[in-house]
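Since the structure comes first, as structure tokens, the remarks are kept for the end.
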Amino acid sequence: MTTFNPDEATARRLAGLSPMPDGPRAWDPVTGDGSLVEDPATRAPLVLGDRSFNWVTETVCGYAEKGPGRWWMPTFLVSAHVAGLMPLMILYLVITGVGVWGLNNVVDWAWDITNFVFWIGIGHAGTLISAILCLFKQKWRTSINRAAEAMTIFAVICAATFPGIHVGRVWMAWMLFPIPNANQIWPNFKSPLLWDVFAVSTYGTVSLLFWYMGMIPDFATLRDRAAKRLLRSNGDGPRLAVLGWNTDKVRAYAYGFLALGWRFSTRHWQNYEKAYLMLAGVSTPLVLSVHSIVSFDFATSVLPGWHTTIFPPYFVAGAIFGGFAMVLLLMIPSRELFPGMKDLVTMRHLENMAKIILVTGYMVGFAYAMEFFIAWYSGNAYEADVFLYNRVMPPWLAGPDGRYAPYWWAYWAMIFCNVVSPQIFWIKACRQSVKWIFLVAFLVTIGMWFERFVIIVTSLHRAFLPGSWGMFFPTPVDILTFVGSCGTFLTLYLLFLRFLPQFAMSEIKNVMPQADPHGYDVGGHGHGHGGGKAAGAHHAPDAPKGGI
Amino acid sequence: MAAATREYRTERGAKVYGVLAEFPNPGVVSHAAERVRDAGYSRWDVYSPFPIHGIDDAMGLPATKLPLVVAFVGLTGACLGFIFQYWVSTEGYATVVQGKPAGAWQAFIPVTFEIGVLFTAFTALLGMLAFNGLPRWHHPLMTRERFLGVGDDKFFIAIEADDPRFDPEPTRALLVAAGATSVELVEEELPPAPAPAAH
């Protein structure tokens with residue numbers, strides 16, 4: 001019995017060992033480039049336009065060497081100024097006290113923790129793409145993983161800031177770490193809040209290692225290109241405007257330092273691939289554990305609305321859902337702004353991500369519904385009350401005693417953005433349209449922020465006794481701190497776009513059809529003579545482009 | 001180790017690092033790697049912009065021991081993390097939380113896992129670098145202009161002069177027969193500027 005392997009079939013076709021399928025390639029009518037091909041026997045190409053390895057190098061290195069274009073500096077300046085709000089607001093908070101936020105005795109966690117969970121969730125898509133899709137051998141990840149991993153790091157930076165500042169007296173934040181304080185008091189390892197410290201710091205560290213390790217070969221490529229230009233120009237190349245140093249010399253040293261002397265040796269690649277696989281292997285349970293532990297912060301409490309066992313999977317699915325939306329929000333504009341990027345991030349990539357949003361949107365929708373079911377099925381009056389009169393009931397459907405949920409608009413905004421809006425992806429034309437995908441990604445990002453707001457604030461604002469009921473209203477400091485964190489995120493991402501390799505070149509080259517050594521006609525099989533007359537993998541113009 | 005190797009020097013007295021041969025594509029370089037392997041060389045390497053599928057077998061490389069090291073350190077880290085939490089909770093600052101015994105080990109599992117992952121990740125990266133002899137910011141091959149294309153789309157085999165079977169002429173002939181498009185000698189020291197032309 002034989003199994004059909006599309007990769008092998010393509011490789012055999014390219015090598016001329018099996019015939020090409022009859023007729024021209026089944027082009028998809030939407031993009032016209034084959035990226036949305038429906039024929040299951042023909043895999044959509046991952047790099048469009050029948051590109052060479054050199055094209056990938058020139059394009060990706062070109063982004064870092066030539067710069068993104070005129071739009072970059074104004075965008076960077078605006079976002080850097082917005083980012084500046086964050087340290088300003090934090091400074092104001094530290095010198096004044098947490099009273100500058102809208103917190104009160106009833107709602108003592110609000111935007112701070114909402115923003116924390118929002119940002120840490122955004123990061124999860126990056127790890128999902130780099131680790132989980134790697135283990136599942138999803139080759140389409142290669143052109144989106146680097147940007148998604150970068151996004152993870154920046155999101156974790158934004159996320160980690162919030163619990164650090166919400167502790168109130170930030171100079172006591174060191175007590176989060178397992179160090180005994182002056183009274184020889186150690187932290188409590190039975191508290192999910194301490195687990196969270198370990199989960200988030202491990203997650204940030206491991207994501208950084210994973211990201212950096214992936215970039216080592218690409219740093220080496222950038223270094224070698226700069227060194228080559230330096231050698232050819234004999235030191236007469238362009239110079240930095242500020243210090244007057246030779247640009248290529250700066251690049252050769254900076255990228256060369258970061259590349260750690262990588263020289264593309266196979267003996268090195270062997271250890272590298274193994275290490276990469278192991279990092280992917282531990283990152284996968286890690287990413288699941290991080291948001292599970294974040295959800296324990298709530299689920300281990302006795303508060304109705306928080307005390308549910310569905311929280312870990314519900315939070316993880318929501319994190320992936322919101323994270324993919326953010327990946328799309330970042331990649332769609334990049335794709336328009338950087339020349340050649342549409343051949344690397346194809347319509348197929350966007351469609352795949354739209355499908356993941358649809359699936360994970362169902363998972364969070366299921367979790368929303370299940371919370372109601374359990375509130376009813378458990379017969380717990382407090383829980384039923386929380387869901388009906390804290391979350392969903394709009395004023396015009398007020399109960400017999402005139403009660404309604406003051407935050408009903410937040411709940412229904414969440415439902416609209418997270419459950420209703422992704423349904424548009426059932427329509428093929430919509431999930432294959434950049435505009436619709438961007439719109440839904442935008443709505444989902446808003447919806448996921450509201451999800452955390454709903455969980456945190458609506459559960460807290462009415463506790464068991466009506467005497468401890470209250471409302472939360474954000475102050476300008478609350479709002480500007482969050483806006484500042486968005487600016488920080490965008491600023492870091494813009495710096496990434498400007499200076500670092502945006503795509504994993506070695507990984508992209510590895511999934512291109514010509515990377516397969518069996519696709520070449522090496523003169524004489526076995527170890528006979530005449531090994532020199534190798535022919536490249538020439539494809540006929542109408543032949544399949546070796547989609548993998 | 002085989003008998004002591006001869007030391008080769010170029011006409012200007014520089015020690016020879018080895019020969020560097022360029023190949024046109026992954027197919028030819030894989031095939032050439034099989035021939036170099038079968039000729040019994042041991043100190044040599046294939047250089048390619050990405051790890052070529054099946055090249056480990058073509059070179060006859062044994063499986064790397066890195067996973068064993070990583071598993072050992074990762075598990076050690078997890079154990080240490082558990083012991084630390086147990087010590088803190090029972091000896092360092094024993095306190096009753098939620099009526100649980102001081103050493104309620106179930107609560108220590110999440111942090112044990114995170115510490116295990118942290119140790120594993122550091123060992124994977126640092127172990128990879130250590131096994132590869134990196135960081136090493138200079139290497140004789142990097143002095144060759146032709147070699148600077150390896151991160152782009154060039155494929156090379158370098159056979160080192162330390163190899164017991166290395167002999168400039170037969171080694172060069174083997175690489176040419178295996179399909180090399182160019183073969184050049186690499187010196188240990190930097191060539192004088194301006195860089196001499198290839199060959």
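Ordering of the structure tokens sets the chain letters (A, B, ...); residue numbers start at 1 within each chain; ligands are numbered from 1 in the order shown.
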Quiz item: For chain B against chain A, which residues fall within 7 Å using only C-alpha atoms, given as a PyMOL selection string?
Solution: chain B and resi 26-28+30+35+45-53+64+66+85+88+92-93+107-108+110-111+114+117-118+121+124-125+128+132+134-138+145+148+150-153+177-180
Quiz prompt | Polymer residues at most 6 Å from segment 108-117 of chain A, only C-alpha atoms, same-chain spacing of 5 or more positions, as a list of chain:residue names | solution =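 Everything that qualifies: A:Leu103, A:Ala159, A:Phe162, A:Arg452, A:Phe453, A:Val457.
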Put those residues in a file: C-alpha atoms, as an mmCIF file, in the first residue's frame.
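What follows is the written file again.cif:
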data_model
loop_
_atom_site.group_PDB
_atom_site.id
_atom_site.type_symbol
_atom_site.label_atom_id
_atom_site.label_comp_id
_atom_site.auth_asym_id
_atom_site.auth_seq_id
_atom_site.Cartn_x
_atom_site.Cartn_y
_atom_site.Cartn_z
ATOM 1 C CA LEU A 103 -10.146 51.952 40.578
ATOM 2 C CA ALA A 159 1.889 43.102 29.005
ATOM 3 C CA PHE A 162 0.894 46.430 33.692
ATOM 4 C CA ARG A 452 -11.129 40.876 29.201
ATOM 5 C CA PHE A 453 -12.887 44.030 30.335
ATOM 6 C CA VAL A 457 -14.890 44.521 35.542
#
Practice problem: Determine which residues of chain B receive a DSSP assignment of strand (DSSP E), computed from the backbone, and state them as a ChimeraX atom specification. | Solution: /B:16-23,44-47,155-160,182-187
Generate the output file for the selected residues, C-alpha atoms, as an mmCIF file, in the first residue's frame.
data_model
loop_
_atom_site.group_PDB
_atom_site.id
_atom_site.type_symbol
_atom_site.label_atom_id
_atom_site.label_comp_id
_atom_site.auth_asym_id
_atom_site.auth_seq_id
_atom_site.Cartn_x
_atom_site.Cartn_y
_atom_site.Cartn_z
ATOM 1 C CA VAL B 16 46.693 26.116 4.504
ATOM 2 C CA TYR B 17 43.235 25.847 6.059
ATOM 3 C CA GLY B 18 41.886 23.633 3.296
ATOM 4 C CA VAL B 19 40.173 23.722 -0.063
ATOM 5 C CA LEU B 20 36.848 25.358 -0.755
ATOM 6 C CA ALA B 21 34.751 24.133 -3.659
ATOM 7 C CA GLU B 22 31.590 25.740 -4.954
ATOM 8 C CA PHE B 23 28.676 23.732 -6.311
ATOM 9 C CA TRP B 44 35.132 18.566 6.100
ATOM 10 C CA ASP B 45 31.784 20.270 5.840
ATOM 11 C CA VAL B 46 29.011 21.282 3.475
ATOM 12 C CA TYR B 47 27.946 24.938 3.572
ATOM 13 C CA PHE B 155 26.648 25.881 -1.974
ATOM 14 C CA PHE B 156 30.127 24.846 -0.863
ATOM 15 C CA ILE B 157 32.170 21.945 0.389
ATOM 16 C CA ALA B 158 35.312 22.712 2.356
ATOM 17 C CA ILE B 159 37.836 19.961 3.153
ATOM 18 C CA GLU B 160 40.286 20.926 5.859
ATOM 19 C CA SER B 182 35.344 26.338 -8.731
ATOM 20 C CA VAL B 183 37.922 25.114 -6.238
ATOM 21 C CA GLU B 184 40.195 27.419 -4.289
ATOM 22 C CA LEU B 185 42.782 27.121 -1.564
ATOM 23 C CA VAL B 186 42.000 28.801 1.743
ATOM 24 C CA GLU B 187 44.780 30.081 3.986
#
Practice problem: Could you jot down the atom CA of Ile455 of chain A to atom CA of Tyr407 of chain A separation for me, Å, one decimal place? | Solution: 10.9 Å
Exercise. Go through B:Thr90, B:Ala161, B:Thr143, B:Glu34 and flag the residue nearest Asp57 of chain B, using only C-alpha atoms for the distances.
Key: B:Glu34
Quiz item: DSSP on the backbone: what in segment 97-193 of chain B comes out helix (DSSP H, G or I), as a PyMOL selection string?
Solution: chain B and resi 105-131+140-143+146-149+168-177
Quiz item: Of the candidates B:Ala102, B:Val29, B:Val73, B:Ala14, which one gets nearest to Thr181 of chain B if we count only C-alpha atoms?
Solution: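 Of B:Ala102, B:Val29, B:Val73, B:Ala14, the one nearest Thr181 of chain B is B:Val29, counting only C-alpha atoms.
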Quiz prompt | Test item: residues at most 12 Å from Ser42 of chain B, only C-alpha atoms, excluding those fewer than 6 positions along its chain, as number ranges by chain | solution = A: 267; B: 1-2, 33, 36, 59-62, 158-166
What would the file look like if the residues just selected were written as a PDB file, in the first residue's frame with C-alpha atoms?
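Final output, saved to out_12.pdb:
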ATOM      1  CA  ARG A 267      27.386  20.339  11.077  1.00  0.00           C
TER       2      ARG A 267
ATOM      3  CA  MET B   1      42.962   9.609  15.396  1.00  0.00           C
ATOM      4  CA  ALA B   2      45.004   8.673  12.376  1.00  0.00           C
ATOM      5  CA  ALA B  33      28.943  15.121  -0.249  1.00  0.00           C
ATOM      6  CA  VAL B  36      33.554  12.972  -0.191  1.00  0.00           C
ATOM      7  CA  MET B  59      27.676  13.417   4.794  1.00  0.00           C
ATOM      8  CA  GLY B  60      27.425  10.399   7.064  1.00  0.00           C
ATOM      9  CA  LEU B  61      26.952  12.550  10.158  1.00  0.00           C
ATOM     10  CA  PRO B  62      25.962  10.716  13.335  1.00  0.00           C
ATOM     11  CA  ALA B 158      35.312  22.712   2.356  1.00  0.00           C
ATOM     12  CA  ILE B 159      37.836  19.961   3.153  1.00  0.00           C
ATOM     13  CA  GLU B 160      40.286  20.926   5.859  1.00  0.00           C
ATOM     14  CA  ALA B 161      44.041  20.427   5.623  1.00  0.00           C
ATOM     15  CA  ASP B 162      43.901  18.756   9.058  1.00  0.00           C
ATOM     16  CA  ASP B 163      42.109  15.827   7.505  1.00  0.00           C
ATOM     17  CA  PRO B 164      44.423  12.769   7.425  1.00  0.00           C
ATOM     18  CA  ARG B 165      43.419  12.099   3.824  1.00  0.00           C
ATOM     19  CA  PHE B 166      43.942  15.654   2.682  1.00  0.00           C
TER      20      PHE B 166
END
